[in-house]
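Engineer: What follows is final.txt, made up of compact mmCIF, C-alpha atoms:
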```
# COMPACT_ATOMS: atom_id res chain seq x y z
CA MET A 1 0.00 0.00 0.00
CA ARG A 2 1.10 3.62 -0.48
CA ASN A 3 2.72 5.39 2.43
CA SER A 4 0.98 8.27 4.16
CA THR A 5 3.10 11.00 2.63
CA ALA A 6 2.59 9.87 -0.93
CA ALA A 7 -1.02 8.77 -0.67
CA GLY A 8 -3.11 10.16 -3.46
CA ALA A 9 -0.24 12.24 -4.85
CA PRO A 10 1.08 11.23 -8.26
CA ALA A 11 4.73 10.76 -8.99
CA GLY A 12 6.53 13.45 -10.88
CA ARG A 13 5.59 17.08 -11.34
CA SER A 14 1.96 17.92 -10.54
CA PRO A 15 0.19 20.13 -13.06
CA GLN A 16 -0.94 23.54 -11.88
CA PRO A 17 -4.69 23.72 -11.18
CA SER A 18 -6.77 26.17 -13.18
CA ARG A 19 -6.92 29.72 -11.81
CA ASN A 20 -10.54 29.95 -12.87
CA PRO A 21 -12.55 29.11 -9.69
CA LEU A 22 -15.50 27.65 -11.62
CA ARG A 23 -13.33 25.44 -13.82
CA ARG A 24 -11.41 24.31 -10.75
CA LEU A 25 -14.61 23.29 -8.95
CA LEU A 26 -16.00 21.51 -12.01
CA ALA A 27 -12.73 19.62 -12.41
CA VAL A 28 -12.98 17.98 -8.98
CA LEU A 29 -16.57 16.81 -9.40
CA GLY A 30 -16.85 13.04 -9.36
CA PRO A 31 -16.63 11.16 -6.05
CA GLY A 32 -19.70 12.90 -4.59
CA LEU A 33 -21.73 12.30 -7.72
CA MET A 34 -20.61 8.66 -7.77
CA MET A 35 -22.01 8.28 -4.27
CA ALA A 36 -25.28 9.88 -5.39
CA GLY A 37 -25.47 7.45 -8.31
CA ALA A 38 -24.82 4.50 -6.01
CA ALA A 39 -27.50 5.69 -3.58
CA ILE A 40 -30.21 5.90 -6.26
CA GLY A 41 -31.14 2.27 -5.92
CA VAL A 42 -33.01 0.34 -3.27
CA SER A 43 -33.24 3.26 -0.83
CA HIS A 44 -34.90 5.46 -3.47
CA LEU A 45 -36.67 3.25 -5.99
CA VAL A 46 -37.97 0.78 -3.42
CA GLN A 47 -38.00 2.16 0.12
CA SER A 48 -38.77 5.83 -0.59
CA THR A 49 -41.52 4.95 -3.07
CA ARG A 50 -42.91 2.40 -0.63
CA ALA A 51 -42.89 5.00 2.18
CA GLY A 52 -45.01 7.34 0.07
CA ALA A 53 -47.34 4.63 -1.21
CA ASP A 54 -48.05 3.21 2.27
CA TYR A 55 -47.89 6.31 4.46
CA GLY A 56 -48.41 9.30 2.19
CA PHE A 57 -46.29 12.34 2.99
CA THR A 58 -45.99 11.57 6.70
CA LEU A 59 -42.51 9.99 6.49
CA MET A 60 -40.84 12.73 4.45
CA TRP A 61 -39.54 14.40 7.60
CA VAL A 62 -38.12 11.03 8.74
CA ILE A 63 -36.27 10.66 5.44
CA LEU A 64 -34.92 14.21 5.70
CA LEU A 65 -33.89 13.66 9.33
CA ALA A 66 -32.08 10.42 8.50
CA ASN A 67 -30.10 12.14 5.73
CA VAL A 68 -29.17 15.05 8.01
CA LEU A 69 -28.13 12.87 10.96
CA LYS A 70 -26.00 10.59 8.76
CA TYR A 71 -24.43 13.47 6.82
CA PRO A 72 -21.28 13.89 8.97
CA PHE A 73 -20.25 10.25 8.76
CA PHE A 74 -20.33 10.24 4.96
CA GLU A 75 -18.66 13.65 4.76
CA TYR A 76 -15.77 12.44 6.90
CA GLY A 77 -14.75 10.04 4.12
CA HIS A 78 -14.11 12.98 1.80
CA ARG A 79 -12.68 15.17 4.56
CA PHE A 80 -10.20 12.62 5.91
CA THR A 81 -8.67 11.84 2.53
CA ALA A 82 -8.50 15.49 1.45
CA ALA A 83 -6.82 16.39 4.75
CA THR A 84 -4.37 13.48 5.06
CA GLY A 85 -3.97 11.88 1.63
CA GLN A 86 -4.90 8.52 3.17
CA ASN A 87 -8.12 6.56 2.79
CA LEU A 88 -10.29 5.63 5.76
CA LEU A 89 -8.97 2.06 5.87
CA GLU A 90 -5.43 3.30 6.41
CA GLY A 91 -6.76 5.60 9.11
CA TYR A 92 -8.57 2.74 10.85
CA LEU A 93 -5.36 0.69 10.89
CA ARG A 94 -3.44 3.53 12.54
CA GLN A 95 -6.03 3.48 15.32
CA GLY A 96 -5.42 -0.20 15.89
CA ARG A 97 -5.63 -3.49 14.03
CA TRP A 98 -8.80 -4.31 15.97
CA VAL A 99 -10.54 -1.23 14.48
CA LEU A 100 -9.78 -2.30 10.92
CA GLY A 101 -10.60 -5.91 11.84
CA LEU A 102 -14.01 -4.83 13.14
CA PHE A 103 -14.65 -2.93 9.92
CA PHE A 104 -13.64 -5.98 7.89
CA ALA A 105 -15.96 -8.34 9.78
CA LEU A 106 -18.99 -6.03 9.62
CA ASN A 107 -18.32 -5.05 6.03
CA LEU A 108 -18.23 -8.69 4.97
CA VAL A 109 -21.78 -9.18 6.29
CA THR A 110 -23.13 -5.96 4.80
CA ALA A 111 -21.36 -6.63 1.48
CA VAL A 112 -23.02 -10.01 0.92
CA THR A 113 -26.49 -8.86 1.98
CA SER A 114 -26.27 -5.59 0.03
CA ILE A 115 -25.24 -7.38 -3.15
CA ALA A 116 -28.19 -9.74 -2.69
CA GLY A 117 -30.68 -6.89 -2.17
CA VAL A 118 -29.73 -4.72 -5.13
CA THR A 119 -29.37 -7.72 -7.44
CA PHE A 120 -32.84 -9.00 -6.55
CA VAL A 121 -34.48 -5.65 -7.39
CA THR A 122 -32.51 -5.29 -10.62
CA ALA A 123 -33.41 -8.84 -11.70
CA ALA A 124 -37.09 -8.04 -11.15
CA LEU A 125 -36.81 -4.95 -13.36
CA ALA A 126 -34.97 -6.97 -16.03
CA GLU A 127 -37.66 -9.64 -15.93
CA ASN A 128 -40.33 -6.99 -16.43
CA LEU A 129 -38.43 -5.04 -19.10
CA PHE A 130 -37.12 -7.81 -21.33
CA GLY A 131 -39.72 -10.53 -20.79
CA PHE A 132 -37.59 -13.46 -21.93
CA GLY A 133 -39.34 -15.79 -19.52
CA PHE A 134 -36.29 -16.21 -17.30
CA SER A 135 -36.85 -16.59 -13.57
CA ASN A 136 -35.54 -14.09 -11.03
CA ALA A 137 -32.92 -16.65 -10.03
CA VAL A 138 -31.60 -16.84 -13.61
CA TRP A 139 -31.67 -13.07 -14.05
CA SER A 140 -29.83 -12.61 -10.75
CA ALA A 141 -27.11 -15.06 -11.76
CA GLY A 142 -26.78 -13.47 -15.19
CA LEU A 143 -26.53 -9.95 -13.80
CA LEU A 144 -23.89 -10.90 -11.25
CA LEU A 145 -21.84 -12.76 -13.86
CA PHE A 146 -22.10 -9.78 -16.20
CA CYS A 147 -21.00 -7.29 -13.52
CA VAL A 148 -18.11 -9.41 -12.28
CA ALA A 149 -16.86 -10.07 -15.82
CA LEU A 150 -17.21 -6.43 -16.81
CA THR A 151 -15.18 -5.30 -13.80
CA VAL A 152 -12.51 -8.02 -13.98
CA LEU A 153 -11.93 -7.39 -17.69
CA GLY A 154 -11.86 -3.63 -17.18
CA HIS A 155 -14.66 -2.85 -19.65
CA TYR A 156 -16.95 -0.95 -17.28
CA ARG A 157 -15.92 2.33 -18.89
CA TYR A 158 -17.57 1.23 -22.15
CA VAL A 159 -21.04 1.12 -20.57
CA GLU A 160 -20.52 3.87 -17.99
CA GLY A 161 -21.56 6.64 -20.37
CA ALA A 162 -24.77 4.88 -21.38
CA ILE A 163 -25.70 4.23 -17.75
CA LYS A 164 -25.12 7.88 -16.83
CA ALA A 165 -27.39 8.93 -19.68
CA MET A 166 -30.15 6.61 -18.48
CA LEU A 167 -29.72 7.90 -14.91
CA ALA A 168 -30.37 11.38 -16.28
CA VAL A 169 -33.49 10.06 -18.05
CA LEU A 170 -34.73 8.48 -14.81
CA PHE A 171 -34.13 11.73 -12.92
CA LEU A 172 -36.02 13.82 -15.48
CA ALA A 173 -38.85 11.26 -15.73
CA THR A 174 -39.24 11.09 -11.95
CA VAL A 175 -39.30 14.87 -11.55
CA SER A 176 -41.75 15.21 -14.46
CA ALA A 177 -44.02 12.43 -13.16
CA THR A 178 -44.07 13.94 -9.67
CA LEU A 179 -44.88 17.43 -11.00
CA ALA A 180 -47.63 16.00 -13.21
CA ALA A 181 -49.08 14.06 -10.28
CA ALA A 182 -48.96 17.18 -8.09
CA ILE A 183 -50.82 19.23 -10.71
CA LYS A 184 -53.38 16.47 -11.14
CA GLY A 185 -53.75 16.15 -7.36
CA PRO A 186 -53.30 13.17 -5.03
CA VAL A 187 -55.48 10.10 -5.44
CA ALA A 188 -56.15 10.02 -1.73
CA ALA A 189 -59.32 11.75 -0.61
CA PRO A 190 -58.90 14.50 2.01
CA GLY A 191 -58.72 13.02 5.48
CA THR A 192 -57.61 9.57 4.34
CA PRO A 193 -56.28 7.89 7.51
CA VAL A 194 -52.60 6.98 7.65
CA PRO A 195 -52.00 3.40 8.87
CA ALA A 196 -50.05 2.79 12.06
CA LEU A 197 -46.33 2.99 11.42
CA SER A 198 -44.43 -0.29 11.57
CA ILE A 199 -41.20 -0.02 13.56
CA ALA A 200 -39.71 -2.76 11.38
CA PHE A 201 -40.44 -0.75 8.23
CA LEU A 202 -39.07 2.43 9.81
CA VAL A 203 -35.78 0.68 10.58
CA ALA A 204 -35.69 -0.75 7.04
CA LEU A 205 -36.35 2.71 5.59
CA LEU A 206 -33.60 4.32 7.65
CA GLY A 207 -31.07 1.53 7.04
CA TRP A 208 -30.16 2.58 3.52
CA MET A 209 -31.21 6.19 3.67
CA PRO A 210 -29.38 7.46 1.71
CA ALA A 211 -26.88 4.56 1.75
CA PRO A 212 -25.05 2.30 4.23
CA ILE A 213 -22.50 4.35 6.22
CA GLU A 214 -19.63 2.10 5.18
CA VAL A 215 -19.97 3.71 1.74
CA SER A 216 -17.86 6.50 3.28
CA VAL A 217 -14.87 4.21 2.71
CA TRP A 218 -15.69 4.16 -1.00
CA ASN A 219 -15.81 7.96 -0.92
CA SER A 220 -12.27 8.12 0.42
CA LEU A 221 -11.01 5.64 -2.19
CA TRP A 222 -12.78 7.60 -4.95
CA VAL A 223 -11.20 10.86 -3.76
CA GLN A 224 -7.76 9.24 -4.00
CA ALA A 225 -8.57 8.02 -7.51
CA LYS A 226 -9.74 11.52 -8.48
CA GLU A 227 -6.50 13.00 -7.18
CA ARG A 228 -4.49 10.58 -9.30
CA ALA A 229 -6.58 11.50 -12.34
CA LEU A 230 -6.10 15.23 -11.71
CA GLY A 231 -2.41 14.84 -10.97
CA ARG A 232 -2.68 16.90 -7.80
CA ARG A 233 -4.14 16.89 -4.29
CA ILE A 234 -7.76 18.01 -3.79
CA SER A 235 -8.23 20.75 -1.22
CA LEU A 236 -10.61 20.36 1.69
CA ALA A 237 -12.91 23.05 0.27
CA GLU A 238 -13.03 21.29 -3.11
CA ALA A 239 -13.75 17.92 -1.52
CA ARG A 240 -16.60 19.38 0.54
CA TRP A 241 -18.09 21.10 -2.53
CA ASP A 242 -18.08 17.85 -4.49
CA PHE A 243 -19.55 15.86 -1.62
CA ASN A 244 -22.23 18.39 -0.69
CA LEU A 245 -23.51 18.65 -4.26
CA GLY A 246 -23.91 14.89 -4.56
CA TYR A 247 -25.49 14.61 -1.13
CA VAL A 248 -28.07 17.33 -1.77
CA LEU A 249 -29.05 15.62 -5.04
CA THR A 250 -29.45 12.35 -3.14
CA ILE A 251 -31.77 13.94 -0.56
CA LEU A 252 -33.89 15.68 -3.20
CA LEU A 253 -34.39 12.48 -5.16
CA ALA A 254 -35.39 10.53 -2.04
CA LEU A 255 -38.06 13.14 -1.29
CA ILE A 256 -39.24 13.17 -4.92
CA PHE A 257 -39.65 9.38 -5.01
CA THR A 258 -41.59 9.54 -1.75
CA ALA A 259 -43.85 12.26 -3.13
CA LEU A 260 -44.51 10.24 -6.31
CA GLY A 261 -45.58 7.20 -4.27
CA ALA A 262 -47.76 9.38 -2.03
CA LEU A 263 -49.49 11.21 -4.89
CA VAL A 264 -50.19 8.21 -7.11
CA MET A 265 -50.64 5.23 -4.76
CA PHE A 266 -51.49 6.36 -1.23
CA GLY A 267 -55.22 6.08 -0.66
CA SER A 268 -55.78 4.19 -3.92
CA GLY A 269 -56.53 0.90 -2.20
CA GLU A 270 -53.36 -0.63 -3.67
CA SER A 271 -50.06 -1.31 -1.98
CA LEU A 272 -46.68 -2.19 -3.40
CA SER A 273 -46.37 -5.96 -3.72
CA GLY A 274 -43.76 -8.09 -1.99
CA ASN A 275 -43.45 -10.16 -5.16
CA ALA A 276 -40.46 -8.90 -7.15
CA SER A 277 -42.06 -9.19 -10.60
CA VAL A 278 -45.32 -7.54 -9.53
CA PHE A 279 -43.45 -4.78 -7.69
CA SER A 280 -41.38 -3.88 -10.75
CA LYS A 281 -44.55 -3.55 -12.86
CA GLN A 282 -46.21 -1.39 -10.22
CA LEU A 283 -43.15 0.86 -10.05
CA VAL A 284 -43.21 1.50 -13.79
CA GLN A 285 -46.99 2.01 -13.75
CA LEU A 286 -46.52 4.91 -11.33
CA TYR A 287 -44.95 6.82 -14.19
CA GLY A 288 -47.51 5.62 -16.71
CA ALA A 289 -50.32 6.96 -14.50
CA THR A 290 -48.97 10.50 -14.81
CA LEU A 291 -46.85 10.67 -17.96
CA GLY A 292 -48.80 8.22 -20.12
CA GLU A 293 -48.22 4.59 -21.08
CA LEU A 294 -45.85 5.52 -23.92
CA TRP A 295 -43.33 6.52 -21.26
CA MET A 296 -43.45 3.19 -19.45
CA PRO A 297 -40.83 1.33 -21.57
CA VAL A 298 -38.50 4.33 -21.34
CA VAL A 299 -38.88 4.53 -17.58
CA ALA A 300 -38.45 0.77 -17.23
CA ALA A 301 -35.17 0.96 -19.15
CA ALA A 302 -34.02 3.96 -17.11
CA ALA A 303 -34.92 2.31 -13.77
CA PHE A 304 -33.15 -0.88 -14.83
CA SER A 305 -30.06 1.15 -15.80
CA ALA A 306 -30.09 2.95 -12.46
CA MET A 307 -30.22 -0.34 -10.59
CA LEU A 308 -27.62 -1.93 -12.88
CA SER A 309 -25.33 0.98 -12.03
CA THR A 310 -25.90 0.24 -8.34
CA VAL A 311 -25.18 -3.49 -8.82
CA LEU A 312 -21.97 -2.67 -10.68
CA THR A 313 -20.95 -0.31 -7.89
CA VAL A 314 -21.59 -2.70 -4.98
CA VAL A 315 -20.11 -5.71 -6.80
CA GLU A 316 -16.93 -3.69 -7.43
CA ALA A 317 -16.66 -1.45 -4.35
CA TYR A 318 -17.50 -3.80 -1.47
CA PRO A 319 -14.91 -6.39 -2.57
CA ARG A 320 -12.39 -3.61 -3.20
CA SER A 321 -12.74 -2.35 0.36
CA LEU A 322 -12.52 -5.92 1.68
CA ALA A 323 -9.39 -6.62 -0.37
CA GLU A 324 -7.79 -3.31 0.70
CA ALA A 325 -8.60 -4.01 4.35
CA LEU A 326 -7.20 -7.55 4.25
CA HIS A 327 -3.99 -6.37 2.56
CA LEU A 328 -3.53 -3.84 5.37
CA LEU A 329 -4.29 -6.45 8.03
CA ALA A 330 -2.02 -9.05 6.41
CA PRO A 331 0.71 -7.18 4.49
CA GLY A 332 2.58 -10.44 3.89
CA LEU A 333 -0.31 -11.82 1.85
CA ARG A 334 1.24 -13.06 -1.39
CA ILE A 335 -1.48 -12.34 -3.90
CA ARG A 336 -1.70 -9.64 -6.55
CA HIS A 337 -4.22 -6.92 -5.72
CA HIS A 338 -6.21 -7.39 -8.94
CA ALA A 339 -6.51 -11.14 -8.35
CA HIS A 340 -7.42 -10.56 -4.70
CA HIS A 341 -10.14 -8.07 -5.67
CA SER A 342 -11.47 -10.49 -8.29
CA LEU A 343 -11.66 -13.37 -5.82
CA TRP A 344 -13.64 -11.22 -3.39
CA MET A 345 -16.02 -10.22 -6.18
CA VAL A 346 -16.67 -13.84 -7.10
CA GLY A 347 -17.06 -14.96 -3.49
CA THR A 348 -19.39 -12.17 -2.31
CA SER A 349 -21.47 -12.39 -5.49
CA LEU A 350 -21.93 -16.13 -5.08
CA LEU A 351 -23.00 -15.74 -1.45
CA GLY A 352 -25.31 -12.89 -2.45
CA TRP A 353 -26.93 -15.07 -5.11
CA LEU A 354 -27.51 -17.84 -2.57
CA ILE A 355 -29.32 -15.33 -0.33
CA VAL A 356 -31.49 -14.29 -3.28
CA GLN A 357 -32.54 -17.93 -3.71
CA ALA A 358 -33.78 -18.02 -0.13
CA PHE A 359 -36.08 -15.01 -0.72
CA LEU A 360 -37.27 -15.56 -4.29
CA ASP A 361 -40.95 -15.08 -3.45
CA ASP A 362 -40.61 -12.23 -0.97
CA LEU A 363 -38.83 -9.10 -2.15
CA THR A 364 -40.11 -7.04 0.80
CA ARG A 365 -38.74 -9.44 3.41
CA LEU A 366 -35.30 -9.55 1.77
CA ILE A 367 -35.06 -5.76 1.43
CA ASP A 368 -36.22 -5.28 5.02
CA LEU A 369 -33.59 -7.78 6.21
CA VAL A 370 -30.78 -6.17 4.21
CA THR A 371 -31.62 -2.61 5.23
CA SER A 372 -32.17 -3.60 8.87
CA ILE A 373 -28.67 -5.13 9.00
CA ALA A 374 -27.33 -1.88 7.54
CA PHE A 375 -29.17 0.14 10.19
CA LEU A 376 -27.98 -2.00 13.10
CA SER A 377 -24.36 -1.78 11.93
CA ALA A 378 -24.59 1.99 11.27
CA PRO A 379 -23.76 3.13 14.84
CA VAL A 380 -20.49 1.16 14.75
CA PHE A 381 -19.37 2.67 11.44
CA ALA A 382 -20.49 6.11 12.62
CA VAL A 383 -18.40 5.90 15.81
CA MET A 384 -15.38 4.66 13.84
CA ASN A 385 -15.52 7.65 11.49
CA TYR A 386 -16.14 10.10 14.34
CA ARG A 387 -13.16 8.83 16.34
CA LEU A 388 -10.95 8.94 13.26
CA ILE A 389 -11.77 12.48 12.13
CA PHE A 390 -11.08 13.87 15.62
CA SER A 391 -7.89 11.83 16.09
CA ASP A 392 -4.38 13.27 15.90
CA GLN A 393 -4.15 11.93 12.34
CA VAL A 394 -6.12 14.99 11.20
CA GLY A 395 -4.72 18.46 11.73
CA ALA A 396 -6.72 20.85 13.89
CA GLU A 397 -7.38 23.12 10.90
CA ALA A 398 -9.08 20.28 8.98
CA ARG A 399 -11.24 18.93 11.79
CA PRO A 400 -14.98 19.64 11.75
CA GLY A 401 -16.30 22.67 13.62
CA LEU A 402 -18.59 22.73 16.62
CA ALA A 403 -21.82 22.44 14.58
CA LEU A 404 -20.67 19.29 12.77
CA ARG A 405 -19.30 17.84 16.01
CA LEU A 406 -22.67 18.30 17.73
CA LEU A 407 -24.53 16.91 14.72
CA SER A 408 -22.23 13.87 14.80
CA ARG A 409 -23.00 13.22 18.44
CA ALA A 410 -26.73 13.62 17.83
CA GLY A 411 -26.48 11.15 14.93
CA ILE A 412 -24.61 8.58 17.03
CA LEU A 413 -27.12 8.91 19.87
CA PHE A 414 -30.06 8.53 17.48
CA LEU A 415 -28.62 5.55 15.59
CA THR A 416 -27.56 3.77 18.79
CA GLY A 417 -30.73 4.52 20.74
CA PHE A 418 -33.10 3.55 17.96
CA SER A 419 -31.14 0.36 17.22
CA LEU A 420 -31.40 -0.69 20.89
CA PHE A 421 -35.10 0.19 20.93
CA PHE A 422 -35.68 -1.90 17.79
CA LEU A 423 -33.84 -4.90 19.22
CA TYR A 424 -35.77 -4.60 22.49
CA SER A 425 -39.16 -4.31 20.77
CA ARG A 426 -38.33 -7.16 18.41
CA TYR A 427 -36.88 -9.71 20.80
CA PHE A 428 -37.61 -8.76 24.42
CA ALA A 429 -40.90 -6.81 24.60
CA ALA A 430 -43.91 -8.89 25.60
```
As structure tokens, how would this structure be written, given the file I've shared?
Structural biologist:
Amino acid sequence: MRNSTAAGAPAGRSPQPSRNPLRRLLAVLGPGLMMAGAAIGVSHLVQSTRAGADYGFTLMWVILLANVLKYPFFEYGHRFTAATGQNLLEGYLRQGRWVLGLFFALNLVTAVTSIAGVTFVTAALAENLFGFGFSNAVWSAGLLLFCVALTVLGHYRYVEGAIKAMLAVLFLATVSATLAAAIKGPVAAPGTPVPALSIAFLVALLGWMPAPIEVSVWNSLWVQAKERALGRRISLAEARWDFNLGYVLTILLALIFTALGALVMFGSGESLSGNASVFSKQLVQLYGATLGELWMPVVAAAAFSAMLSTVLTVVEAYPRSLAEALHLLAPGLRIRHHAHHSLWMVGTSLLGWLIVQAFLDDLTRLIDLVTSIAFLSAPVFAVMNYRLIFSDQVGAEARPGLALRLLSRAGILFLTGFSLFFLYSRYFAA
């Protein structure tokens, strides 16, 4: 692994950054937007839409609160790398091998379950879009094989542009559908009662809102990659600008998906199905109800592309963080990094596919399980990032101010307290 002084800095003479402030800011965009793209998956397409369809607008403040309380722990991934040149994994190791070992163990669990969750949803969309008659199990296997092969062979860049274009289509279609539904008015009659909130669903909603906290490690790795591409270090101000832009987009889209579900489905007498194939059709029909049926194939393709982008990201990034962590924990490991990364991709994808097989007829139960695991592990990852950013590895000038420190503590208290309450109500309450 790179040493701390050279981390993220390219060899040789670094090119001078542009003196134009706007061009300089545009040049560093990337890691924050990559996180936004990764987040627009299960948490948005499934959980946010489901929150609106089942509970109307009542959970929008919960979604906003979750994003605000988790904000510091994602931001610290950008901040730590911009301030030190190291990624979070290297920082964890400096705090003790047990810290990095704890990350590795938890990340292994969340990696396998996350891959299973996003693959299941994507397979359902593929089944609905292409209609070849393949089962969800076959689609899941095919998608995972495709993503692993694409990453191992290094051809992801050939489809990256097309996926980004379809993400833009999905964004525009979702905004347009929500505006059209708002103009038309909600289907729910005034005074429609909101059902009692399920604690289990609330935990599932918060688990991946906007993404699992361990994604902060990906942020730090992406910042290092961006620095290598630019040929220079990224300043703290630049890193925060990039991150904040992506994070705001993520929050806005979560609220828009919730509003679409609330306007079109809440009070209609229908609810989103737990069957993967039926759910995918219902999701696309939300757009057809406002934009017209001609839009449905376009939206289906865009939604599939958004989820495919998420599958590609988790299949590549989770194993990368696991491989990086294991190399740091066992520096004498005699295996090339590319081969190590590839083995982790194959192993986690296979385990993820086996989990999919166990939940073939119940999408809702699988997603609730995956997101609940993410929520219960969130306090641990949050504390790890908090301890690291306020450690002596980060200079005083780069540490967060009082407001972010207080927000961090509030987030840790909320995540820990609610996790304990959920466990108590689930396993110990009469």
Engineer: Report, in Å with one decimal, the straight-line distance from atom CA of A:Thr416 to atom CA of A:Phe390.
Structural biologist: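 Spanning atom CA of A:Thr416 to atom CA of A:Phe390 is a straight-line distance of 19.6 Å.
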Engineer: List the spatial neighbours of A:Val148 as a PyMOL selection string - criterion: any atom at most 7 Å away, all atoms listed in the file, same-chain residues fewer than 5 positions off excluded.
Structural biologist: chain A and resi 315+345-346
Engineer: For the atom pair atom CA of A:Ala180 and atom CA of A:Val194, what is the interatomic distance in Å to one decimal place?
Structural biologist: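 That distance, rounded to one decimal, is 23.3 Å.
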Engineer: Env of A:Ser140: 7 Å cut, atoms = all atoms listed in the file, seq-sep filter 5 positions within chain, self excluded. Answer as a PyMOL selection string.
Structural biologist: chain A and resi 119-120+123+353
Engineer: Report, in Å with one decimal, the straight-line distance from atom CA of A:Ala173 to atom CA of A:Lys281.
Structural biologist: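 Result for atom CA of A:Ala173 versus atom CA of A:Lys281: 16.1 Å, one decimal.
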Engineer: Can you work out which one of A:Thr258, A:Gln393, A:Asn107, A:Thr113 has the shortest atom-to-atom distance to A:Ala378, counting only C-alpha atoms?
Structural biologist: A:Asn107
Engineer: Would you kindly return, as a list in words, each protein, DNA or RNA residue with an atom no farther than 9 Å from any atom of stretch 269-279 of chain A, considering all atoms listed in the file and excluding same-chain residues fewer than 3 positions away?
Structural biologist: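 Near stretch 269-279 of chain A, the qualifying residues are Val46, Thr49, Arg50, Ala53, Asp54, Phe120, Val121, Ala123, Ala124, Leu125, Glu127, Asn128, Asn136, Met265, Phe266, Gln282, Leu283, Val284, Leu360, Asp361, Asp362, Leu363, Thr364 and Arg365 of chain A.
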Engineer: With distances taken over only C-alpha atoms, which residue among A:Ala396, A:Ser372, A:Tyr247, A:Gly142 lies nearest A:Pro72?
Structural biologist: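 The closest residue to A:Pro72 is A:Tyr247.
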Engineer: For A:Leu291, which of A:His44, A:Thr81, A:Leu260, A:Ala239 is the closest residue, counting all atoms listed in the file?
Structural biologist: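 Closest candidate: A:Leu260.
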Engineer: Please produce stretch 87-99 of chain A, completed to N, CA and C atoms, as an mmCIF file, keeping the file's coordinate frame.
Structural biologist:
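Final output, result11.cif:
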```cif
data_model
loop_
_atom_site.group_PDB
_atom_site.id
_atom_site.type_symbol
_atom_site.label_atom_id
_atom_site.label_comp_id
_atom_site.auth_asym_id
_atom_site.auth_seq_id
_atom_site.Cartn_x
_atom_site.Cartn_y
_atom_site.Cartn_z
ATOM 1 N N ASN A 87 -6.704 6.934 2.794
ATOM 2 C CA ASN A 87 -8.120 6.560 2.790
ATOM 3 C C ASN A 87 -8.518 6.134 4.204
ATOM 4 N N LEU A 88 -9.797 5.957 4.420
ATOM 5 C CA LEU A 88 -10.290 5.630 5.760
ATOM 6 C C LEU A 88 -9.711 4.323 6.288
ATOM 7 N N LEU A 89 -9.497 3.350 5.414
ATOM 8 C CA LEU A 89 -8.970 2.060 5.870
ATOM 9 C C LEU A 89 -7.581 2.217 6.486
ATOM 10 N N GLU A 90 -6.764 3.045 5.856
ATOM 11 C CA GLU A 90 -5.430 3.300 6.410
ATOM 12 C C GLU A 90 -5.542 4.028 7.753
ATOM 13 N N GLY A 91 -6.531 4.909 7.848
ATOM 14 C CA GLY A 91 -6.760 5.600 9.110
ATOM 15 C C GLY A 91 -7.214 4.660 10.210
ATOM 16 N N TYR A 92 -8.116 3.726 9.860
ATOM 17 C CA TYR A 92 -8.570 2.740 10.850
ATOM 18 C C TYR A 92 -7.383 1.931 11.382
ATOM 19 N N LEU A 93 -6.505 1.523 10.474
ATOM 20 C CA LEU A 93 -5.360 0.690 10.890
ATOM 21 C C LEU A 93 -4.475 1.439 11.867
ATOM 22 N N ARG A 94 -4.269 2.727 11.635
ATOM 23 C CA ARG A 94 -3.440 3.530 12.540
ATOM 24 C C ARG A 94 -4.059 3.635 13.926
ATOM 25 N N GLN A 95 -5.372 3.455 14.016
ATOM 26 C CA GLN A 95 -6.030 3.480 15.320
ATOM 27 C C GLN A 95 -5.958 2.133 16.029
ATOM 28 N N GLY A 96 -5.549 1.127 15.294
ATOM 29 C CA GLY A 96 -5.420 -0.200 15.890
ATOM 30 C C GLY A 96 -5.907 -1.271 14.924
ATOM 31 N N ARG A 97 -5.231 -2.406 14.935
ATOM 32 C CA ARG A 97 -5.630 -3.490 14.030
ATOM 33 C C ARG A 97 -7.052 -3.954 14.343
ATOM 34 N N TRP A 98 -7.466 -3.854 15.604
ATOM 35 C CA TRP A 98 -8.800 -4.310 15.970
ATOM 36 C C TRP A 98 -9.876 -3.427 15.320
ATOM 37 N N VAL A 99 -9.569 -2.141 15.117
ATOM 38 C CA VAL A 99 -10.540 -1.230 14.480
ATOM 39 C C VAL A 99 -10.755 -1.655 13.032
#
```
